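Below: one structure, written as structure tokens.
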Number of protein chains: 4
Amino acid sequence: MSDEIKVGGQGVKQQAPRLWTGDYYNEGVAAHNGLFDKLGEECGVFGVFGHAEAASLSYYGLHALQHRGQESAGICVAGSGEEFKYHRGMGLVKEVFNNDILGPMTGSTAIGHVRYSTSGESKLANAQPLVFKYREGDLAVATNGNLTNAPQIKKDLEKQGSIFQTTSDTEVVAHLIARSKHDDIVSAVKEALLKVEGAYAFLFMAQDKLIVARDPHGLRPFVAGRLGTAWLFASESCAFDAVGAQYYRDIEPGELLVLDMKTGRVTEDRFSPIKQRAVCAMEYIYFARPDSDIDAVNIHSARKRMGRQLAMESFVDADVVTGVPDSSISAAIGYAEQTGIPYELGLIKNRYTGRTFIQPSQELREQGVKMKLSAVRSIVAGKRVVIIDDSIVRGTTSLRIVNLLREAGAKEVHMRISSPPFANPCFYGIDTPSRTELIAAVKSIEEIRQAINADSLHFLSKEGLLTAIGHTTSDATRGYCTACFDNRYPTPVPDEAALGCGCD
Amino acid sequence: MSDEIKVGGQGVKQQAPRLWTGDYYNEGVAAHNGLFDKLGEECGVFGVFGHAEAASLSYYGLHALQHRGQESAGICVAGSGEEFKYHRGMGLVKEVFNNDILGPMTGSTAIGHVRYSTSGESKLANAQPLVFKYREGDLAVATNGNLTNAPQIKKDLEKQGSIFQTTSDTEVVAHLIARSKHDDIVSAVKEALLKVEGAYAFLFMAQDKLIVARDPHGLRPFVAGRLGTAWLFASESCAFDAVGAQYYRDIEPGELLVLDMKTGRVTEDRFSPIKQRAVCAMEYIYFARPDSDIDAVNIHSARKRMGRQLAMESFVDADVVTGVPDSSISAAIGYAEQTGIPYELGLIKNRYTGRTFIQPSQELREQGVKMKLSAVRSIVAGKRVVIIDDSIVRGTTSLRIVNLLREAGAKEVHMRISSPPFANPCFYGIDTPSRTELIAAVKSIEEIRQAINADSLHFLSKEGLLTAIGHTTSDATRGYCTACFDNRYPTPVPDEAALGCGCD
Amino acid sequence: MSDEIKVGGQGVKQQAPRLWTGDYYNEGVAAHNGLFDKLGEECGVFGVFGHAEAASLSYYGLHALQHRGQESAGICVAGSGEEFKYHRGMGLVKEVFNNDILGPMTGSTAIGHVRYSTSGESKLANAQPLVFKYREGDLAVATNGNLTNAPQIKKDLEKQGSIFQTTSDTEVVAHLIARSKHDDIVSAVKEALLKVEGAYAFLFMAQDKLIVARDPHGLRPFVAGRLGTAWLFASESCAFDAVGAQYYRDIEPGELLVLDMKTGRVTEDRFSPIKQRAVCAMEYIYFARPDSDIDAVNIHSARKRMGRQLAMESFVDADVVTGVPDSSISAAIGYAEQTGIPYELGLIKNRYTGRTFIQPSQELREQGVKMKLSAVRSIVAGKRVVIIDDSIVRGTTSLRIVNLLREAGAKEVHMRISSPPFANPCFYGIDTPSRTELIAAVKSIEEIRQAINADSLHFLSKEGLLTAIGHTTSDATRGYCTACFDNRYPTPVPDEAALGCGCD
Amino acid sequence: MSDEIKVGGQGVKQQAPRLWTGDYYNEGVAAHNGLFDKLGEECGVFGVFGHAEAASLSYYGLHALQHRGQESAGICVAGSGEEFKYHRGMGLVKEVFNNDILGPMTGSTAIGHVRYSTSGESKLANAQPLVFKYREGDLAVATNGNLTNAPQIKKDLEKQGSIFQTTSDTEVVAHLIARSKHDDIVSAVKEALLKVEGAYAFLFMAQDKLIVARDPHGLRPFVAGRLGTAWLFASESCAFDAVGAQYYRDIEPGELLVLDMKTGRVTEDRFSPIKQRAVCAMEYIYFARPDSDIDAVNIHSARKRMGRQLAMESFVDADVVTGVPDSSISAAIGYAEQTGIPYELGLIKNRYTGRTFIQPSQELREQGVKMKLSAVRSIVAGKRVVIIDDSIVRGTTSLRIVNLLREAGAKEVHMRISSPPFANPCFYGIDTPSRTELIAAVKSIEEIRQAINADSLHFLSKEGLLTAIGHTTSDATRGYCTACFDNRYPTPVPDEAALGCGCD
């Protein structure tokens with residue numbers, strides 16, 4: 001998969017992250033077309049507790065999470081009893097913030113957020129953290145995930161006279177907290193979380209408390225780290241490396257941490273009983289940065305193991321192994337290592353990056369300018385090529401890739417996919433097309449092979465995938481959400497027919 | 001007065017508008033320091049009903065109102081049944097909008113807003129129009145004014161579980177509407193307006209109605225115009241000239257107009273019984289653009305009459321009349337015409353404009369670089385100078401002006417003020433220092449004269465002022481708010497002691 | 001004249017400066033269409049000698065001269081023996097420079113330049129100061145003016161193997177200096193100046209000398225000022241007021257000042273014998289800022305006298321006097337003072353300013369949006385209006401203005417022009433249309449009156465103009481270039497037929 | 001080597017290109033401090049002949065060459081007999097150009113240039129293509145390389161009265177052409193090239209001819225390609241892939257191609273007799289993009305072979321192989337393939353990209369924020385690590401890398417360098433420190449090992465390097481410049497002592 005899985009509810013294509021860079025975010029994005037911008041889009045959160053430069057740390061941490069969202073960025077900081085200071089803007093972290101903005105954001109607790117890209121600048125209202133006042137004072141909220149029952153709760157709240165200024169699920173939770181019968185913020189948050197269903201990593205910052213919560217199944221990743229005496233929280237551990245901090249542990253599913261700004265005390269609590277762990281497998285396959293660890297598993301290594309496993313399941317004699325940049329490079333190296341077939345640079349991603357990049361004319365486009373991917377003729381001509389990709393969604397990109405390789409002279413093209421067939425929509429924050437648009441939902445593997453014009457096609461088995469992810473652990477209780485492969489959703493999900501539009 | 005009266009509740013200095021330009025807004029502004037950003041700041045609103053290019057018209061109209069607010073700008077447009085489209089941003093109208101943004105904002109009804117300047121970019125949340133969803137659908141609100149009882153209402157709403165994402169009074173009104181027992185938007189708006197007190201011009205845009213309302217005393221200006229069959233609404237009539245439209249009439253105090261998008265019908269209604277008209281006199285003296293008419297009185301002409309009247313009340317033999325640019329130029333020409341003393345260009349305003357202008361070093365500042373005002377030596381040297389200003393607030397600027405003229409060689413400096421002594425704070429949208437900082441509240445006129453180092457000093461009498469404003473009309477019912485001169489407020493006002501901070 | 005006289009050789013319309021602001025430069029400009037970008041365009045120069053913050057002073061000085069050129073800006077500074085530091089860029093002074101750029105530009109001698117607007121960004125190469133190395137080291141040159149024999153000299157130099165990287169006359173002079181037989185820079189500059197003809201104010205900065213020269217007739221203005229012990233040089237004296245400096249004296253026609261950085265000595269010298277002084281009358285009428293003095297005559301006062309003189313020559317009974325903003329406001333006030341007819345604000349200039357301003361659609365344009373000028377109905381309806389403008393070039397703008405006033409209800413419109421008929425092209429730095437496009441060259445005054453639809457039309461007489469300019473002086477040797485009115489050019493001029501294109 | 005070799009004569013650090021992306025250019029760069037900006041900096045050129053969208057093609061082609069220069073970009077286009085149209089600016093290709101600029105640049109022949117980064121914006125004058133007029137008309141020149149005898153030629157030209165507006169060698173060549181006795185441009189170019197010495201790829205565009213020339217030793221790479229009937233020329237073949245074009249052949253050392261715009265004819269010619277081929281080996285090791293081919297050798301493959309060869313020369317038993325991103329990744333994969341030790345992602349490059357990225361405070365820096373490289377603890381802890389880098393210049397970066405790995409828990413760190421010791425400065429366009437700053441020039445390998453704190457250290461042998469580069473070819477005449485390794489310069493070079501400054 002290089003560019004087909006959409007993240008969030010708005011039809012925006014997620015760019016494929018690259019292998020070993022922090023610049024996962026420069027691609028142009030397709031236009032926003034959705035109606036309801038669910039909380040569930042793939043976003044990134046970062047929190048700091050007890051560090052004199054909380055806002056600056058958030059800046060660097062969010063930058064490291066930029067691949068999880070490029071539309072908007074925001075930071076809110078709490079000082080000692082003062083009003084919250086915050087800034088949100090459209091664009092990349094480095095575009096939204098400068099010294100003039102960060103300088104006055106003093107305070108030792110902060111939460112930050114990056115949101116995935118849309119073209120609608122008016123959607124600045126949706127940028128997070130959401131900051132508001134209610135009867136108990138200031139509250140700021142940042143989240144990554146998707147609440148599957150948010151539309152219904154919203155309707156109920158409107159009937160009671162609530163107004164909604166954003167289309168984000170986060171605002172729904174804010175109203176639930178403000179209308180809670182509990183004055184105490186921790187109780188109010190717990191009450192609110194028990195009303196919502198779905199996948200999430202939540203950071204709540206109240207006047208004197210930072211509250212951290214992960215959904216009961218652990219669908220979305222969420223890790224804690226330490227920098228000296230300070231606590232950090234992030235969607236991925238790569239954000240800790242970026243600021244010189246150490247990974248501490250993953251937030252447990254259903255766990256709620258309360259960090260008290262007055263006492264400095266950290267309280268470990270739960271808001272939900274223990275449920276079956278179901279960490280999103282697509283984070284390992286595609287979304288997370290290769291240098292992150294999720295539940296103590298390094299992503300690059302996991303992908304390499306997927307490649308090795310794939311080689312064991314579907315060896316093919318060939319001259320060259322190559323990967324679809326960037327997310328499939330690790331798997332391709334694993335495949336090459338396992339088979340002894342040399343890994344080469346057969347496909348190049350042309351990065352015509354940034355919003356201001358001039359689009360080529362129709363004529364130039366036809367002549368080949370700005371094809372996102374190009375094949376390196378001197379590598380593939382006359383060769384039998386194994387091409388590794390991480391997934392196939394609609395199949396259109398795969399067909400393009402195979403044809404590119406053939407046009408560059410490849411003698412044979414063997415497609416190997418480092419995940420099982422993607423046949424079911426996601427309701428937990430990954431924007432996928434409707435079921436009928438998923439090629440694996442409507443075609444057999446042989447039909448897909450024909451559709452993408454490959455000489456052979458193999459997908460990694462679900463068992464192979466789980467083996468590869470879990471390689472370093474013997475934790476019998478470990479579990480993953482593989483609903484997109486096996487249709488077994490860990491929570492109730494909305495009625496697809498009722499959703500109407502294809503986007504979810 | 002050149003730069004002392006602050007507008008709004010946040011300690012931001014209002015730049016003096018210039019005489020005959022639309023560029024009243026380029027000055028740097030002092031930093032935002034207030035706690036509660038009242039609805040009452042001096043802002044500008046513009047509305048369109050029934051024009052195919054409603055958003056574009058709003059763009060040009062708001063540009064003409066730019067002198068009323070430079071911090072942020074926003075436009076919201078309603079099409080036929082679709083969701084509202086809106087965009088808000090920090091900065092000038094021309095900076096916030098471009099073709100890519102305006103292009104998709106199709107629809108024939110629009111409301112727009114310009115907000116006065118602060119330095120806090122995080123305050124983008126306060127930009128208007130406020131756009132939200134409630135149980136009846138979309139609602140957008142734009143306002144100019146100040147609600148004197150907003151803090152109390154807000155406290156009550158928070159107790160009921162409301163959350164506030166802005167510090168604007170407008171959000172208070174939004175909650176009142178959403179919690180109204182009336183499903184019908186017109187009834188809900190009326191109910192909400194009856195609960196609030198203060199000065200305002202309101203534009204409400206619901207799914208199928210545009211609602212226009214002016215406070216019961218008419219404290220803030222509000223005019224209706226026509227462009228072909230379309231209706232326009234604006235804080236000042238200059239916005240109509242800018243788009244080639246015709247002034248139709250002023251919105252009446254306490255009046256409520258309902259324009260129905262489905263039927264095109266315009267209903268004239270009231271939400272409040274008739275009260276004593278009390279149009280803000282400072283709009284005539286200082287705030288409005290010289291080419292605007294308020295209640296059918298042209299501002300430039302009114303200011304010239306103030307100058308003539310001032311000449312009659314306080315003639316002094318002199319060689320040259322000059323005015324403090326820009327708002328006092330009209331009065332100075334009037335003074336010169338009345339006395340026969342030639343009007344000359346004795347003071348120049350150096351416009352080091354825009355946010356990016358480099359500030360001079362301390363040394364250059366001491367040598368005279370970037371004094372906002374400079375005296376033209378070839379005009380004033382050896383001369384007896386009459387200098388006209390529109391008001392004195394703290395007195396510091398007046399002292400600087402007199403000294404500038406003396407350093408440039410003026411033999412005598414006679415200060416003439418085209419308004420009465422400003423001795424009482426405003427609660428209706430003009431940001432003034434606290435009473436104790438108003439020089440006219442604590443010093444006699446002779447003491448002021450000494451403090452500003454003038455050879456003589458005279459203020460226009462209140463009667464002279466009213467005569468000058470009312471020159472063209474015999475309307476006995478006409479009334480003005482002159483509370484800042486005579487301490488007679490047309491509505492209940494907050495307890496000054498309770499306000500604590502000096503800003504109001 | 002509000003927008004018809006073009007400045008420079010490239011068909012770019014000069015915006016009319018406003019009365020009392022420093023913001024003369026925000027207008028959009030028509031496209032560049034010329035072939036040869038003569039040195040002679042209306043530009044502004046500023047020089048500093050002996051001030052620790054020479055670059056910063058230049059920044060503020062050039063900003064004050066911004067009305068003389070908005071296309072590009074540049075500053076070059078010389079330190080003690082080091083290489084020159086310089087920066088040039090497209091756009092306004094405040095856009096081209098920031099603290100990061102100005103900060104490192106240390107040195108006590110500097111020259112700066114603003115160049116009039118074209119749309120061709122590639123013309124950055126033409127930005128001044130021109131900075132180059134030749135056998136004696138660094139040399140920087142800034143100029144305002146036009147060399148009438150530059151094309152011929154350039155052709156000769158190319159034959160000798162010179163290459164030209166700009167289309168500016170300045171580069172011609174640079175080559176003349178580099179190819180001079182004199183090693184001594186002062187002698188080389190004198191030799192070069194004796195070879196060129198035309199109108200100019202030159203600033204040359206060599207490794208250890210600043211050289212200042214004005215053309216033998218004094219066609220272009222050039223003044224010296226003092227700031228403490230430092231010397232300043234500028235196209236107009238308003239730049240001195242802006243930095244707190246004092247006007248010292250005008251540079252004499254044919255004069256050459258040499259300021260030695262090592263000794264600090266200032267040597268007064270000449271490069272040309274004394275010729276008939278011929279200061280450009282249009283500077284007084286239209287180009288210079290109202291707060292500048294040229295040859296000790298204040299521009300605003302001169303324009304007021306033109307208005308008074310015009311009133312004496314062409315009184316008409318009327319109700320209102322108004323001026324075409326901005327350059328005609330002073331004359332209009334003078335006319336009003338002389339006649340006793342009240343001066344009112346009948347015409348407003350709508351400043352849709354800046355490059356990014358969105359242009360209205362054709363439909364909005366037809367409805368009246370963004371007419372540059374609009375008439376204030378409440379002022380002119382039913383009135384007999386005297387409208388003062390400073391000149392008529394093609395006549396198209398005048399017709400528009402008269403029609404605007406009539407559409408706003410003016411009963412009679414009497415056009416009065418504060419200069420004689422403009423009937424001959426300029427070769428000295430003012431970009432004018434070809435002779436056949438000048439309405440005064442091809443029509444009688446009565447024909448012009450009919451063409452512009454006025455009830456009456458009068459031009460100021462040449463004698464009246466000279467009286468008005470010279471009002472404060474009895475200097476019998478004073479002389480002005482009035483070639484555009486009387487076809488008497490003070491120097492040989494190019495053959496108009498040979499110029500081909502209409503621009504000159 | 002990650003950041004030590006400087007390119008060009010100005011002490012600017014070249015960022016290390018990444019493995020397989022087109023975004024090689026986002027890094028901040030150290031400040032410009034050199035005196036003479038030699039033609040020789042590592043730049044990129046791109047030329048188009050005979051394509052209707054020549055300017056747009058250049059835009060995409062230059063973007064693909066962005067890793068060769070990030071300071072400035074420029075394109076010049078020739079139409080049918082009209083004046084050249086060009087635009088140059090500071091910054092990246094995508095920042096310098098937009099549709100408004102490219103749109104009017106019509107014409108079917110174009111040359112473009114990217115120049116490496118400095119911080120001195122005033123150096124816009126040095127941006128290429130250099131465009132000038134001489135007696136035969138327009139001429140534009142773009143080059144990559146360094147002329148070793150340019151300073152002497154320049155001095156001679158100045159004595160003859162030439163002026164220099166840039167500090168680029170290119171202007172020297174322009175003068176030589178303008179002063180040639182030949183009117184014919186081809187002869188004039190040949191005459192000029194015979195006078196200069198050094199390394200270069202030249203594109204000359206005259207009114208009706210495009211001339212292409214590579215230095216007699218072929219030091220700098222230069223390739224020709226075809227896109228339909230059009231001819232393309234580029235510093236690297238990756239630019240052809242980016243526009244869908246095909247590599248045709250390398251320009252031969254000493255070759256001169258003349259492409260006639262009138263006839264469309266391409267003439268193959270020479271300006272120099274055949275000399276020993278000496279292609280820069282560092283292009284293979286470090287500079288070129290991995291997907292480029294130079295002299296038919298793919299860069300990524302060559303680097304992998306270097307890694308394999310290095311493994312054969314210096315095997316060490318270890319647990320993990322990792323590479324210094326980005327330029328050493330290919331070699332690391334090769335090393336891993338040869339040894340069977342798994343390749344893992346042990347070092348991550350944190351890309352705090354772009355000029356506006358906020359620098360961390362000293363305190364954050366000490367805590368680890370914004371270390372350019374970070375080690376991935378979960379990969380290296382407790383492991384014996386082989387770390388592959390492409391070169392060691394001063395040794396400081398290598399020490400940092402080894403220490404990073406040790407702090408992350410590596411048990412052993414074995415440094416392997418995929419090139420021989422870099423012990424001699426480059427005079428052909430790569431900016432290196434002076435000889436005394438090169439660690440390999442002053443220390444033995446064992447001393448270097450100690451200095452960088454590695455457990456073992458090996459450099460690839462020169463023979464191994466040449467074998468690796470030449471792997472796919474049997475061309476006995478192939479030769480490489482390895483002067484930086486063996487002090488054998490293919491041309492006369494300047495006296496190092498005379499250069500004084502350490503930069504070359």
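Going by the structure tokens order, chains are called A, B, ..., each with residues numbered from 1, while ligands are numbered from 1 in the order shown.
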
| query | Running DSSP on the backbone, which parts of range 41-96 of chain C land in helix (DSSP H, G or I), as a list in words? | reply |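 Restricting range 41-96 of chain C to helix (DSSP H, G or I) produces Ala54, Ala55, Ser56, Leu57, Ser58, Tyr59, Tyr60, Gly61, Leu62, His63, Ala64, Gln66, His67, Arg68, Val93, Lys94, Glu95 and Val96 of chain C.
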
Within 6 Å of Tyr286 in chain D using only C-alpha atoms, minus same-chain residues under 3 positions, as a PDB file with C-alpha atoms, in the first residue's frame:
ATOM      1  CA  MET D 282      32.993  11.201  -4.049  1.00  0.00           C
ATOM      2  CA  GLU D 283      29.958  11.521  -6.283  1.00  0.00           C
ATOM      3  CA  SER D 327      24.180   8.283   2.469  1.00  0.00           C
TER       4      SER D 327
END

| Near range 135-151 of chain C, within 8 Å and counting only C-alpha atoms, which residues show up once chain neighbours fewer than 5 positions away are dropped, as a PyMOL selection string? | (chain C and resi 38-45+76+83-84+111-113+128-130+169-170+172+174+178+183+196-207+220+235+427-429+493-494) or (chain D and resi 155+158-159+161-163)

Dump C-alpha atoms for the selected residues as a short mmCIF file (atom, residue, chain, number, x, y, z; two decimals), in the first residue's frame?
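Final file, out_3.cif:
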data_model
loop_
_atom_site.label_atom_id
_atom_site.label_comp_id
_atom_site.auth_asym_id
_atom_site.auth_seq_id
_atom_site.Cartn_x
_atom_site.Cartn_y
_atom_site.Cartn_z
CA LYS C 38 16.24 53.48 -18.25
CA LEU C 39 18.02 54.78 -15.22
CA GLY C 40 15.62 57.63 -15.40
CA GLU C 41 12.59 56.20 -13.70
CA GLU C 42 11.25 58.10 -10.73
CA CYS C 43 13.14 56.51 -7.90
CA GLY C 44 14.37 57.56 -4.48
CA VAL C 45 17.88 57.58 -3.08
CA CYS C 76 24.60 48.79 0.64
CA GLU C 83 33.76 44.11 1.70
CA PHE C 84 30.53 45.95 1.12
CA ILE C 111 23.50 54.17 0.29
CA GLY C 112 19.99 52.99 -0.41
CA HIS C 113 17.46 53.02 -3.18
CA GLN C 128 19.75 49.12 -6.81
CA PRO C 129 22.21 49.94 -5.38
CA LEU C 130 24.26 48.35 -8.11
CA ASP C 169 21.41 53.17 -16.92
CA THR C 170 23.36 52.81 -13.72
CA VAL C 172 26.38 52.11 -18.05
CA ALA C 174 29.60 51.70 -13.75
CA ALA C 178 35.73 50.94 -14.57
CA ASP C 183 42.66 55.17 -10.99
CA VAL C 196 26.30 61.26 -19.80
CA GLU C 197 23.37 63.58 -20.34
CA GLY C 198 20.09 63.79 -18.56
CA ALA C 199 18.55 64.17 -15.14
CA TYR C 200 19.94 62.50 -12.08
CA ALA C 201 20.80 62.36 -8.42
CA PHE C 202 23.77 60.03 -7.96
CA LEU C 203 25.24 58.37 -4.87
CA PHE C 204 28.53 56.56 -5.43
CA MET C 205 30.09 54.61 -2.56
CA ALA C 206 33.68 53.48 -3.02
CA GLN C 207 35.89 51.67 -0.54
CA ARG C 220 15.89 65.85 -10.13
CA SER C 235 15.75 62.69 -2.89
CA PHE C 427 12.63 62.42 -20.96
CA TYR C 428 13.90 63.00 -17.47
CA GLY C 429 12.49 60.16 -15.47
CA VAL C 493 16.43 64.94 -26.03
CA PRO C 494 16.05 61.75 -28.06
CA LYS D 155 42.40 40.01 -11.92
CA GLU D 158 39.63 43.91 -13.99
CA LYS D 159 42.81 45.51 -15.20
CA GLY D 161 38.16 47.61 -17.09
CA SER D 162 35.76 44.74 -16.43
CA ILE D 163 33.32 45.02 -13.56
#

If you take only C-alpha atoms and a cut-off of 9 Å, which residues of chain C touch chain D, and what are their nearest atom pairs and distances in Å to one decimal, in chain and number order, as a Markdown table?
| residue | atom | partner | partner_atom | distance |
| --- | --- | --- | --- | --- |
| C:Lys85 | CA | D:Ser122 | CA | 7.7 |
| C:Tyr86 | CA | D:Ser122 | CA | 5.9 |
| C:His87 | CA | D:Ser122 | CA | 4.6 |
| C:Arg88 | CA | D:Ser122 | CA | 6.8 |
| C:Gly89 | CA | D:Ser122 | CA | 8.8 |
| C:Ile101 | CA | D:Glu121 | CA | 7.8 |
| C:Gly120 | CA | D:Ile101 | CA | 8.7 |
| C:Glu121 | CA | D:His87 | CA | 7.2 |
| C:Ser122 | CA | D:His87 | CA | 4.6 |
| C:Lys123 | CA | D:His87 | CA | 8.1 |
| C:Leu124 | CA | D:Arg88 | CA | 8.5 |
| C:Ala125 | CA | D:Ala125 | CA | 7.7 |
| C:Leu130 | CA | D:Gln165 | CA | 8.0 |
| C:Val131 | CA | D:Gln165 | CA | 6.2 |
| C:Phe132 | CA | D:Gln165 | CA | 4.4 |
| C:Lys133 | CA | D:Phe164 | CA | 5.0 |
| C:Tyr134 | CA | D:Ile163 | CA | 4.7 |
| C:Arg135 | CA | D:Glu158 | CA | 4.8 |
| C:Glu136 | CA | D:Glu158 | CA | 8.6 |
| C:Lys155 | CA | D:Arg135 | CA | 7.6 |
| C:Leu157 | CA | D:Arg135 | CA | 8.6 |
| C:Glu158 | CA | D:Arg135 | CA | 4.9 |
| C:Lys159 | CA | D:Arg135 | CA | 5.8 |
| C:Gln160 | CA | D:Arg179 | CA | 7.3 |
| C:Gly161 | CA | D:Arg179 | CA | 4.4 |
| C:Ser162 | CA | D:Tyr134 | CA | 6.4 |
| C:Ile163 | CA | D:Tyr134 | CA | 4.7 |
| C:Phe164 | CA | D:Lys133 | CA | 5.0 |
| C:Gln165 | CA | D:Phe132 | CA | 4.3 |
| C:Thr166 | CA | D:Phe132 | CA | 7.3 |
| C:Ala174 | CA | D:Ile163 | CA | 7.6 |
| C:His175 | CA | D:Ile163 | CA | 6.8 |
| C:Leu176 | CA | D:Gly161 | CA | 8.7 |
| C:Ile177 | CA | D:Gly161 | CA | 8.4 |
| C:Ala178 | CA | D:Gly161 | CA | 4.8 |
| C:Arg179 | CA | D:Gly161 | CA | 4.4 |
| C:Ser180 | CA | D:Gly161 | CA | 7.7 |

| Neighbour list for Gly254 in chain A as a PyMOL selection string, cut-off 9 Å, only C-alpha atoms, skip fewer than 6 positions in-chain | chain A and resi 213-218+269-275

| Interatomic distance between CA of Ile392 in chain A and CA of Ser72 in chain A? |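 Interatomic distance, CA of Ile392 in chain A to CA of Ser72 in chain A: 28.1 Å.
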
| When you draw a straight line from CA of Val173 in chain A to CA of Ala127 in chain A, how long is it in Å? | 15.3 Å

| said: One decimal, in Å: what's the spacing between CA of Ser292 in chain C and CA of Pro325 in chain B? | reply: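 Separating CA of Ser292 in chain C from CA of Pro325 in chain B is a distance of 16.7 Å.
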